[in-house]
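Coordinates as given in data.cif (mmCIF, C-alpha atoms):
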```
data_run
#
loop_
_atom_site.label_atom_id
_atom_site.label_comp_id
_atom_site.auth_asym_id
_atom_site.auth_seq_id
_atom_site.Cartn_x
_atom_site.Cartn_y
_atom_site.Cartn_z
CA MET C 13 -23.24 -5.51 -26.78
CA ALA C 14 -20.78 -2.97 -25.36
CA SER C 15 -19.52 -0.33 -27.80
CA ASN C 16 -15.88 -1.30 -27.19
CA LYS C 17 -16.67 -4.89 -28.19
CA ASN C 18 -18.38 -3.60 -31.35
CA ALA C 19 -15.20 -1.67 -32.13
CA LEU C 20 -13.02 -4.77 -31.68
CA ILE C 21 -15.27 -6.69 -34.09
CA ARG C 22 -14.92 -3.90 -36.64
CA TYR C 23 -11.10 -3.82 -36.29
CA LYS C 24 -10.95 -7.58 -36.72
CA THR C 25 -13.24 -7.44 -39.76
CA ILE C 26 -11.30 -4.63 -41.43
CA ASP C 27 -8.12 -6.60 -40.80
CA GLN C 28 -9.60 -9.72 -42.41
CA CYS C 29 -10.72 -7.72 -45.43
CA LEU C 30 -7.39 -6.00 -46.02
CA ARG C 31 -5.51 -9.31 -45.69
CA ASN C 32 -7.66 -10.65 -48.54
CA THR C 33 -5.66 -9.28 -51.47
CA GLY C 34 -7.89 -11.07 -53.98
CA LYS C 35 -10.43 -8.28 -53.69
CA ARG C 36 -10.19 -4.51 -53.92
CA TRP C 37 -11.76 -2.87 -50.85
CA THR C 38 -13.59 0.42 -50.99
CA LEU C 39 -14.91 2.22 -47.93
CA ASP C 40 -18.43 1.02 -48.78
CA ASN C 41 -17.15 -2.57 -49.00
CA LEU C 42 -15.62 -2.27 -45.52
CA ILE C 43 -18.85 -0.77 -44.14
CA ASP C 44 -20.86 -3.69 -45.55
CA ALA C 45 -18.38 -6.25 -44.17
CA CYS C 46 -18.47 -4.70 -40.68
CA SER C 47 -22.27 -4.50 -40.77
CA ASP C 48 -22.47 -8.19 -41.69
CA ALA C 49 -20.03 -9.15 -38.92
CA LEU C 50 -21.95 -7.20 -36.30
CA TYR C 51 -25.23 -8.71 -37.51
CA GLU C 52 -23.69 -12.18 -37.05
CA TYR C 53 -22.69 -11.38 -33.45
CA GLU C 54 -25.74 -9.33 -32.48
CA GLY C 55 -28.45 -11.16 -34.41
CA LYS C 56 -29.84 -7.82 -35.57
CA ASP C 57 -28.93 -4.98 -37.90
CA VAL C 58 -26.34 -2.56 -36.47
CA TYR C 59 -25.87 0.78 -38.21
CA VAL C 60 -22.25 1.43 -39.18
CA SER C 61 -21.58 4.91 -40.55
CA LYS C 62 -18.92 6.01 -43.00
CA ARG C 63 -17.45 8.23 -40.31
CA THR C 64 -17.17 5.26 -37.91
CA ILE C 65 -15.09 3.18 -40.34
CA GLN C 66 -12.91 6.18 -41.21
CA LEU C 67 -12.18 6.69 -37.50
CA ASP C 68 -11.51 2.95 -37.10
CA ILE C 69 -8.93 3.05 -39.90
CA GLN C 70 -7.36 6.15 -38.37
CA LEU C 71 -7.06 4.41 -34.98
CA MET C 72 -5.67 1.24 -36.54
CA ARG C 73 -3.00 3.33 -38.29
CA SER C 74 -1.99 5.03 -35.04
CA ASP C 75 -0.09 3.62 -32.08
CA LYS C 76 -2.97 4.23 -29.64
CA LEU C 77 -4.05 0.61 -30.00
CA GLY C 78 -0.52 -0.62 -30.65
CA TYR C 79 -1.43 -1.67 -34.21
CA ASN C 80 0.43 0.93 -36.32
CA ALA C 81 -1.34 -0.71 -39.27
CA PRO C 82 0.19 0.22 -42.69
CA ILE C 83 -3.18 1.00 -44.27
CA GLU C 84 -2.89 2.90 -47.53
CA VAL C 85 -5.33 4.18 -50.15
CA TYR C 86 -4.56 3.65 -53.83
CA GLU C 87 -6.38 5.02 -56.86
CA ARG C 88 -8.06 7.33 -54.31
CA LYS C 89 -10.68 4.76 -53.35
CA TYR C 90 -9.22 1.34 -52.54
CA TYR C 91 -7.72 0.35 -49.17
CA HIS C 92 -4.96 -2.21 -48.64
CA TYR C 93 -2.05 -3.12 -46.38
CA ALA C 94 1.18 -1.67 -47.79
CA GLU C 95 3.12 -4.37 -45.94
CA GLU C 96 2.59 -7.88 -47.31
CA GLY C 97 1.46 -10.40 -44.68
CA TYR C 98 0.62 -7.74 -42.09
CA SER C 99 -2.18 -8.42 -39.59
CA ILE C 100 -3.17 -6.82 -36.32
CA LYS C 101 -2.99 -10.35 -34.92
CA ASN C 102 0.75 -10.46 -35.58
CA ILE C 103 1.72 -7.74 -33.11
CA PRO C 104 4.75 -9.09 -31.21
CA VAL C 105 4.54 -9.68 -27.48
CA THR C 106 7.48 -8.19 -25.60
CA ASP C 107 9.28 -9.73 -22.64
CA ASN C 108 7.63 -7.14 -20.43
CA ASP C 109 4.19 -8.12 -21.82
CA VAL C 110 4.92 -11.75 -20.93
CA LYS C 111 6.01 -10.73 -17.43
CA ILE C 112 2.82 -8.72 -16.86
CA MET C 113 0.61 -11.55 -18.17
CA ASN C 114 2.42 -14.02 -15.94
CA GLU C 115 1.77 -11.87 -12.88
CA ALA C 116 -1.90 -11.43 -13.84
CA ILE C 117 -2.29 -15.20 -14.28
CA GLN C 118 -0.87 -15.84 -10.82
CA VAL C 119 -3.38 -13.41 -9.29
CA LEU C 120 -6.28 -15.07 -11.15
CA ARG C 121 -4.99 -18.51 -10.15
CA GLN C 122 -5.82 -17.72 -6.52
CA PHE C 123 -9.51 -17.79 -7.45
CA LYS C 124 -9.30 -21.26 -9.03
CA ASP C 125 -11.47 -22.86 -6.33
CA PHE C 126 -13.95 -20.00 -6.30
CA SER C 127 -17.04 -21.17 -8.19
CA LEU C 128 -17.42 -17.99 -10.25
CA PHE C 129 -13.94 -18.51 -11.72
CA LYS C 130 -14.00 -22.27 -12.28
CA GLU C 131 -14.92 -21.87 -15.95
CA MET C 132 -11.74 -19.81 -16.40
CA ASP C 133 -9.56 -22.77 -15.47
CA GLY C 134 -9.11 -23.91 -19.07
CA VAL C 135 -8.38 -20.36 -20.22
CA LEU C 136 -5.74 -19.93 -17.52
CA GLN C 137 -4.18 -23.27 -18.41
CA ARG C 138 -3.84 -22.22 -22.06
CA LEU C 139 -2.36 -18.91 -21.01
CA GLU C 140 0.09 -20.71 -18.74
CA ASP C 141 1.14 -23.06 -21.54
CA SER C 142 2.11 -20.13 -23.75
CA VAL C 143 3.23 -17.51 -21.24
CA TYR C 144 5.23 -19.81 -18.98
CA SER C 145 7.35 -21.04 -21.87
CA SER C 146 9.69 -18.16 -21.06
CA GLN C 147 9.00 -17.93 -17.33
CA LYS C 148 10.87 -20.22 -14.95
CA ASP C 149 9.43 -18.94 -11.67
CA LYS C 150 5.73 -19.89 -11.51
CA ARG C 151 5.09 -19.13 -7.85
CA ALA C 152 2.53 -16.50 -6.90
CA ILE C 153 4.13 -13.33 -5.59
CA ILE C 154 0.80 -11.63 -4.83
CA HIS C 155 -1.37 -13.38 -2.25
CA LEU C 156 -5.01 -12.37 -1.83
CA ASP C 157 -7.05 -12.96 1.30
CA LYS C 158 -9.87 -15.40 0.56
CA ASN C 159 -11.94 -18.02 2.32
CA GLU C 160 -13.52 -20.68 0.13
CA GLN C 161 -15.27 -22.19 3.18
CA LEU C 162 -17.66 -19.26 3.55
CA LYS C 163 -21.32 -20.23 3.50
CA GLY C 164 -23.36 -18.98 0.57
CA LEU C 165 -20.58 -18.94 -2.04
CA GLU C 166 -22.53 -21.51 -4.07
CA TYR C 167 -25.21 -18.87 -4.66
CA ILE C 168 -22.88 -16.39 -6.37
CA ASP C 169 -23.15 -18.14 -9.73
CA PRO C 170 -26.97 -18.31 -9.94
CA ILE C 171 -27.33 -14.74 -8.64
CA TYR C 172 -24.69 -13.49 -11.06
CA GLU C 173 -26.45 -15.22 -13.96
CA ALA C 174 -29.83 -13.84 -12.85
CA ILE C 175 -28.48 -10.28 -12.84
CA GLN C 176 -26.71 -10.77 -16.15
CA ASN C 177 -29.76 -12.33 -17.80
CA LYS C 178 -32.22 -9.97 -16.07
CA LYS C 179 -34.19 -12.63 -14.22
CA VAL C 180 -36.39 -12.38 -11.14
CA ILE C 181 -35.49 -14.84 -8.37
CA ARG C 182 -37.29 -16.31 -5.39
CA ILE C 183 -35.11 -17.08 -2.38
CA THR C 184 -35.49 -18.68 1.02
CA TYR C 185 -33.85 -16.40 3.57
CA GLN C 186 -33.41 -16.39 7.33
CA SER C 187 -31.70 -13.50 9.05
CA PHE C 188 -29.87 -14.02 12.34
CA LYS C 189 -32.77 -12.35 14.13
CA ALA C 190 -35.56 -14.36 12.49
CA ARG C 191 -36.88 -17.54 14.11
CA ASN C 192 -37.99 -19.05 10.80
CA PRO C 193 -36.95 -18.71 7.15
CA SER C 194 -39.14 -16.80 4.72
CA ASP C 195 -39.60 -16.75 0.95
CA MET C 196 -38.81 -13.51 -0.86
CA ARG C 197 -39.33 -12.52 -4.50
CA LEU C 198 -36.44 -10.32 -5.60
CA HIS C 199 -35.11 -8.35 -8.54
CA PRO C 200 -31.34 -8.86 -8.02
CA GLN C 201 -29.25 -5.81 -8.95
CA LEU C 202 -25.70 -6.15 -7.65
CA LEU C 203 -23.32 -8.50 -5.83
CA LYS C 204 -21.21 -6.83 -3.16
CA GLU C 205 -18.19 -8.17 -1.26
CA TYR C 206 -17.06 -6.58 1.98
CA ASN C 207 -14.62 -7.89 4.55
CA ASN C 208 -14.64 -11.41 3.04
CA ARG C 209 -18.44 -11.62 3.12
CA TRP C 210 -20.83 -11.48 0.16
CA PHE C 211 -24.09 -9.53 -0.08
CA LEU C 212 -26.89 -9.18 -2.61
CA LEU C 213 -28.42 -5.80 -3.36
CA ALA C 214 -31.92 -6.34 -4.71
CA THR C 215 -35.34 -4.75 -4.86
CA HIS C 216 -38.14 -6.36 -2.87
CA LYS C 217 -41.65 -4.92 -3.15
CA LYS C 218 -40.08 -1.92 -4.92
CA GLN C 219 -37.72 -1.24 -2.00
CA PHE C 220 -33.95 -1.74 -1.87
CA ILE C 221 -32.82 -4.58 0.35
CA THR C 222 -29.37 -5.93 1.21
CA LEU C 223 -29.10 -9.63 2.03
CA ALA C 224 -26.14 -11.72 3.19
CA LEU C 225 -25.53 -14.71 0.95
CA ASP C 226 -24.70 -16.91 3.94
CA ARG C 227 -28.31 -16.58 5.17
CA ILE C 228 -29.80 -17.86 1.88
CA SER C 229 -30.83 -21.51 1.76
CA ASN C 230 -32.45 -21.76 -1.69
CA ILE C 231 -32.77 -19.87 -4.98
CA ILE C 232 -35.27 -20.39 -7.81
CA LYS C 233 -35.33 -18.37 -11.05
CA GLU C 234 -38.70 -17.13 -12.20
CA GLU C 235 -38.18 -17.36 -15.95
CA THR C 236 -41.37 -15.62 -17.04
CA ALA C 237 -41.53 -12.80 -14.50
CA GLU C 238 -40.83 -9.28 -15.72
CA TYR C 239 -37.51 -8.01 -14.37
CA ASN C 240 -36.93 -4.46 -13.18
CA ASP C 241 -33.38 -3.45 -14.16
CA LEU C 242 -32.27 -0.36 -12.24
CA GLN C 243 -28.75 -0.45 -13.73
CA ILE C 244 -27.08 0.22 -10.39
CA ASP C 245 -23.57 1.67 -10.50
CA GLY C 246 -21.82 0.14 -7.48
CA ASP C 247 -19.29 2.96 -7.16
CA GLU C 248 -22.08 5.51 -7.06
CA TYR C 249 -24.45 3.52 -4.85
CA TYR C 250 -21.84 2.77 -2.15
CA LYS C 251 -19.92 6.05 -2.34
CA ASP C 252 -21.26 7.35 1.01
CA VAL C 253 -20.77 4.23 3.12
CA ILE C 254 -18.21 1.93 4.62
CA GLY C 255 -19.32 -1.65 3.98
CA ALA C 256 -22.51 -2.90 2.35
CA THR C 257 -25.30 -1.23 4.35
CA VAL C 258 -26.84 1.81 2.64
CA ALA C 259 -29.61 3.75 4.35
CA ASN C 260 -31.91 6.47 3.04
CA THR C 261 -30.04 9.10 5.05
CA ARG C 262 -27.59 11.86 4.24
CA PRO C 263 -23.89 11.29 4.99
CA GLN C 264 -22.53 13.00 8.10
CA ARG C 265 -19.17 14.51 8.91
CA ILE C 266 -17.47 12.12 11.35
CA GLN C 267 -14.47 13.60 13.20
CA PHE C 268 -12.17 11.23 15.06
CA TRP C 269 -8.78 11.17 16.77
CA ILE C 270 -6.25 8.35 16.28
CA ASP C 271 -3.25 7.94 18.56
CA LYS C 272 0.18 8.63 17.07
CA HIS C 273 1.10 4.92 16.96
CA ASN C 274 -1.86 3.97 14.74
CA ALA C 275 -2.17 7.22 12.77
CA PRO C 276 0.27 6.11 10.02
CA TYR C 277 -1.93 3.06 9.33
CA VAL C 278 -5.02 5.26 8.96
CA ILE C 279 -3.13 7.73 6.75
CA THR C 280 -1.91 4.99 4.40
CA LYS C 281 -5.18 3.01 4.52
CA PRO C 282 -8.00 5.56 4.90
CA PHE C 283 -11.34 4.62 6.41
CA HIS C 284 -13.09 6.07 3.34
CA HIS C 285 -12.26 7.95 0.15
CA THR C 286 -13.55 11.19 1.76
CA GLN C 287 -11.03 11.01 4.61
CA ARG C 288 -9.18 14.23 5.38
CA LEU C 289 -6.37 14.95 7.85
CA ILE C 290 -7.56 17.88 9.99
CA LYS C 291 -4.87 18.38 12.61
CA ARG C 292 -1.78 16.79 14.10
CA THR C 293 -1.59 16.85 17.91
CA ASP C 294 1.16 15.91 20.34
CA ASN C 295 -0.30 12.46 20.89
CA GLY C 296 -2.09 11.71 17.61
CA VAL C 297 -3.90 12.91 14.50
CA ILE C 298 -7.46 14.19 13.95
CA PHE C 299 -9.29 13.07 10.78
CA ASN C 300 -12.76 13.40 9.37
CA ILE C 301 -14.82 11.45 6.86
CA LEU C 302 -18.20 12.11 5.22
CA VAL C 303 -20.26 8.91 5.46
CA GLN C 304 -23.55 7.44 6.55
CA ILE C 305 -23.50 6.01 10.06
CA ASN C 306 -24.04 2.27 9.77
CA PHE C 307 -23.17 -1.05 11.41
CA GLU C 308 -19.91 -1.46 9.48
CA LEU C 309 -18.66 1.99 10.50
CA GLU C 310 -19.33 1.21 14.15
CA ARG C 311 -17.52 -2.12 13.86
CA LYS C 312 -14.53 -0.40 12.28
CA ILE C 313 -14.40 2.18 15.08
CA LEU C 314 -14.65 -0.46 17.79
CA GLY C 315 -11.91 -2.44 16.07
CA PHE C 316 -9.42 0.29 16.97
CA GLY C 317 -10.18 -0.11 20.68
CA ASP C 318 -8.45 2.49 22.83
CA SER C 319 -6.55 3.94 19.84
CA ILE C 320 -9.52 5.98 18.61
CA GLU C 321 -11.87 8.65 19.94
CA ILE C 322 -14.97 9.89 18.15
CA GLN C 323 -15.22 13.64 18.59
CA LYS C 324 -18.18 14.48 16.34
CA PRO C 325 -21.11 14.08 15.94
CA GLU C 326 -22.19 13.88 19.57
CA LYS C 327 -24.81 11.20 18.90
CA LEU C 328 -22.22 8.78 17.51
CA ARG C 329 -19.79 9.65 20.29
CA LYS C 330 -22.41 8.78 22.95
CA ARG C 331 -23.25 5.54 21.12
CA MET C 332 -19.59 4.48 21.21
CA ILE C 333 -19.34 5.38 24.89
CA HIS C 334 -22.44 3.27 25.56
CA LYS C 335 -20.97 0.27 23.72
CA LEU C 336 -17.61 0.59 25.49
CA ASN C 337 -19.32 0.83 28.88
CA ARG C 338 -21.22 -2.37 28.07
CA SER C 339 -17.90 -4.04 27.21
CA ILE C 340 -16.42 -2.94 30.53
CA LYS C 341 -19.48 -4.34 32.30
CA ILE C 342 -19.14 -7.68 30.48
CA TYR C 343 -15.45 -7.93 31.33
CA SER C 344 -16.18 -7.05 34.96
CA GLN C 345 -18.92 -9.68 35.24
CA ASN C 346 -16.75 -12.36 33.67
CA LYS C 347 -13.92 -11.52 36.04
CA ASP C 348 -16.22 -11.94 39.03
CA ASN C 349 -17.50 -15.27 37.66
CA SER C 350 -14.08 -16.71 36.90
#
```
Show how you would write the structure in this file as structure tokens.
Amino acid sequence: MASNKNALIRYKTIDQCLRNTGKRWTLDNLIDACSDALYEYEGKDVYVSKRTIQLDIQLMRSDKLGYNAPIEVYERKYYHYAEEGYSIKNIPVTDNDVKIMNEAIQVLRQFKDFSLFKEMDGVLQRLEDSVYSSQKDKRAIIHLDKNEQLKGLEYIDPIYEAIQNKKVIRITYQSFKARNPSDMRLHPQLLKEYNNRWFLLATHKKQFITLALDRISNIIKEETAEYNDLQIDGDEYYKDVIGATVANTRPQRIQFWIDKHNAPYVITKPFHHTQRLIKRTDNGVIFNILVQINFELERKILGFGDSIEIQKPEKLRKRMIHKLNRSIKIYSQNKDNS
């Protein structure tokens, strides 16, 4: 259980204790109550120190959590609420809180047909029933790009559950290059979305492998197999790439020129978090990024057409020239055949 969830259970337990005015609560009593509550949730003993409960009470008294709980000590050993009827559950919700919740609900509502979020439908409905009581305009102001017709979306749930429950899976997979599908035994580690397409990062025969969900045709959980949890941090793992393809290579400094018409778009929406503006020229802007060279980077470069020029490294520059020359050849051939 996450430490922040443990803390919430302790706050809730302390609150329940102090609302029970039929008993006098010492620090030891509160420690025992929190230990019992955590045992109920965890199913095992969880050590709760005196210092932990003292810090919890201090936080509950402060405005850091928004509680400002009127916890007082009397007779130098007993804790109680100085304000009769107080509870951390009774914190009022402001009009601005309602507005923010309403906006968040509308964003979540856009995922209502997405299988991973279907179980949230009842939760959202209950939130709407309470939040919308003071909100007349229920239309979504934020619209997210999504495509529920993508192949492979039905596999997000079982893969997600396998990662969460640390289960090995066996899948049937056929890449675009393969003539026939093959069975693969995987230790799933992370789900990755890029450009409206979903990928699975897994280990296969102790090697990392990235698979597109739309090329999977079957998944079976292997309940008894021992799972290898590598605890992958997605931000760290993908920090050197654009997209979902990570290679065992060092990132390279990519220098490119963008014409002055498209430069503002690249400035406001950088290719990568490492992007730096190097120089402004009469007809454009020169940038650089520090990334691995992969398929997604090449696709992004080609997507800018004649608005971009790769200056460094030379190997990537020549590769782009080769691809553009092939495009010219294809256009020329099609023109002759039309």
Check your understanding: Given the file above and the PyMOL selection byres ((chain C and resi 267) around 8), which residues are selected, and can you give them as a VMD selection string?
Key -> chain C and resid 265 to 266 268 to 269 298 to 301 322 to 325
Residues just named, written with C-alpha atoms as a JSON list (two decimals), in the frame of the given file:
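The result, written out as again_5.json:
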```json
[["chain", "number", "residue", "atom", "x", "y", "z"],
["C", 265, "ARG", "CA", -19.17, 14.51, 8.91],
["C", 266, "ILE", "CA", -17.47, 12.12, 11.35],
["C", 268, "PHE", "CA", -12.17, 11.23, 15.06],
["C", 269, "TRP", "CA", -8.78, 11.17, 16.77],
["C", 298, "ILE", "CA", -7.46, 14.19, 13.95],
["C", 299, "PHE", "CA", -9.29, 13.07, 10.78],
["C", 300, "ASN", "CA", -12.76, 13.40, 9.37],
["C", 301, "ILE", "CA", -14.82, 11.45, 6.86],
["C", 322, "ILE", "CA", -14.97, 9.89, 18.15],
["C", 323, "GLN", "CA", -15.22, 13.64, 18.59],
["C", 324, "LYS", "CA", -18.18, 14.48, 16.34],
["C", 325, "PRO", "CA", -21.11, 14.08, 15.94]]
```
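Proximity to His216 of chain C was assessed for C:Ile333, C:Met196, C:Ile313, C:Ile254 counting only C-alpha atoms; the smallest distance is recorded for C:Met196.
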Contacts of His285 of chain C at 10 Å or less, counting all atoms listed in the file, minus same-chain residues fewer than 6 places along, as an mmCIF file with C-alpha atoms, in the coordinates of the input?
```cif
data_model
loop_
_atom_site.group_PDB
_atom_site.id
_atom_site.type_symbol
_atom_site.label_atom_id
_atom_site.label_comp_id
_atom_site.auth_asym_id
_atom_site.auth_seq_id
_atom_site.Cartn_x
_atom_site.Cartn_y
_atom_site.Cartn_z
ATOM 1 C CA LYS C 251 -19.920 6.050 -2.340
ATOM 2 C CA ASP C 252 -21.260 7.350 1.010
ATOM 3 C CA VAL C 253 -20.770 4.230 3.120
ATOM 4 C CA ILE C 254 -18.210 1.930 4.620
ATOM 5 C CA ILE C 301 -14.820 11.450 6.860
ATOM 6 C CA LEU C 302 -18.200 12.110 5.220
ATOM 7 C CA VAL C 303 -20.260 8.910 5.460
#
```
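Atom CA of Ala259 of chain C is found 13.8 Å from atom CA of Thr215 of chain C.
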Review point. Which one of C:Glu235, C:Asp294, C:Ser187, C:Trp210 sits closest to Ala174 of chain C if you count only C-alpha atoms?
Key: C:Glu235
Practice item. Run the PyMOL selection byres ((chain C and resi 26) around 9) mentally over the shown coordinates, then write out the matched residues as a PyMOL selection string, using the chain letters and numbers from the document. Key: chain C and resi 21-25+27-31+42-43+45-46+65+68-69
Exercise for review: State, in Å with one decimal place, the distance from atom CA of Ile320 of chain C to atom CA of Ala224 of chain C.
Suggested key: 28.8 Å
Point to revise | 12 Å contact set for Leu77 of chain C, all atoms listed in the file, chain neighbours under 4 positions out, as a VMD selection string | key: chain C and resid 19 to 20 23 68 to 73 81 100 103
Practice item. Tell me, in Å to one decimal, how far atom CA of Glu234 of chain C is from atom CA of Lys179 of chain C. Key: 6.7 Å
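Residues matching the PyMOL selection byres ((chain C and resi 309) around 10) in this structure come to Val253, Ile254, Gly255, Thr257, Phe283, His284, Val303, Gln304, Ile305, Asn306, Phe307, Glu308, Glu310, Arg311, Lys312, Ile313, Leu314 and Gly315 of chain C.
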Review point. Could you pull the residues within 10 Å of Lys217 of chain C, counting all atoms listed in the file, minus those fewer than 3 positions along the same chain, as a VMD selection string?
Key: chain C and resid 196 to 199 214 220 to 221
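You can rank C:Leu162, C:Asn18, C:Tyr90, C:Arg338 by their closest distance to Glu52 of chain C using only C-alpha atoms, and at the top of that list sits C:Asn18.
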Point to revise | Spatial neighbours of Ile231 of chain C, 7 Å, all atoms listed in the file, chain gap at least 5 places, as a VMD selection string | key: chain C and resid 181 to 184
Practice item. Counting all atoms listed in the file, write as a list in words all protein and nucleic acid residues lying at most 12 Å from (3.8, -2.0, -37.9) in the file's frame. Key: Met72, Arg73, Ser74, Asp75, Leu77, Gly78, Tyr79, Asn80, Ala81, Pro82, Ile83, Tyr93, Ala94, Glu95, Glu96, Gly97, Tyr98, Ser99, Ile100, Lys101, Asn102, Ile103 and Pro104 of chain C
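Closest approach to Tyr172 of chain C among C:Tyr250, C:Phe188, C:Tyr53, C:Phe211: C:Phe211, based on all atoms listed in the file.
Take the candidates C:Pro263, C:Asn32, C:Leu289, C:Ile270 and check each one against Glu321 of chain C using only C-alpha atoms; the shortest distance goes to C:Ile270.
Distances to Val60 of chain C were evaluated for C:Asn230, C:Asn41, C:Asn207, C:Gln201 using only C-alpha atoms, and the minimum falls at C:Asn41.
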**Study point:** For His273 of chain C: contacts at 9 Å, only C-alpha atoms, fewer than 2 positions along chain excluded, given as a ChimeraX atom specification
**Key:** /C:270-271,275-277,295-296,319
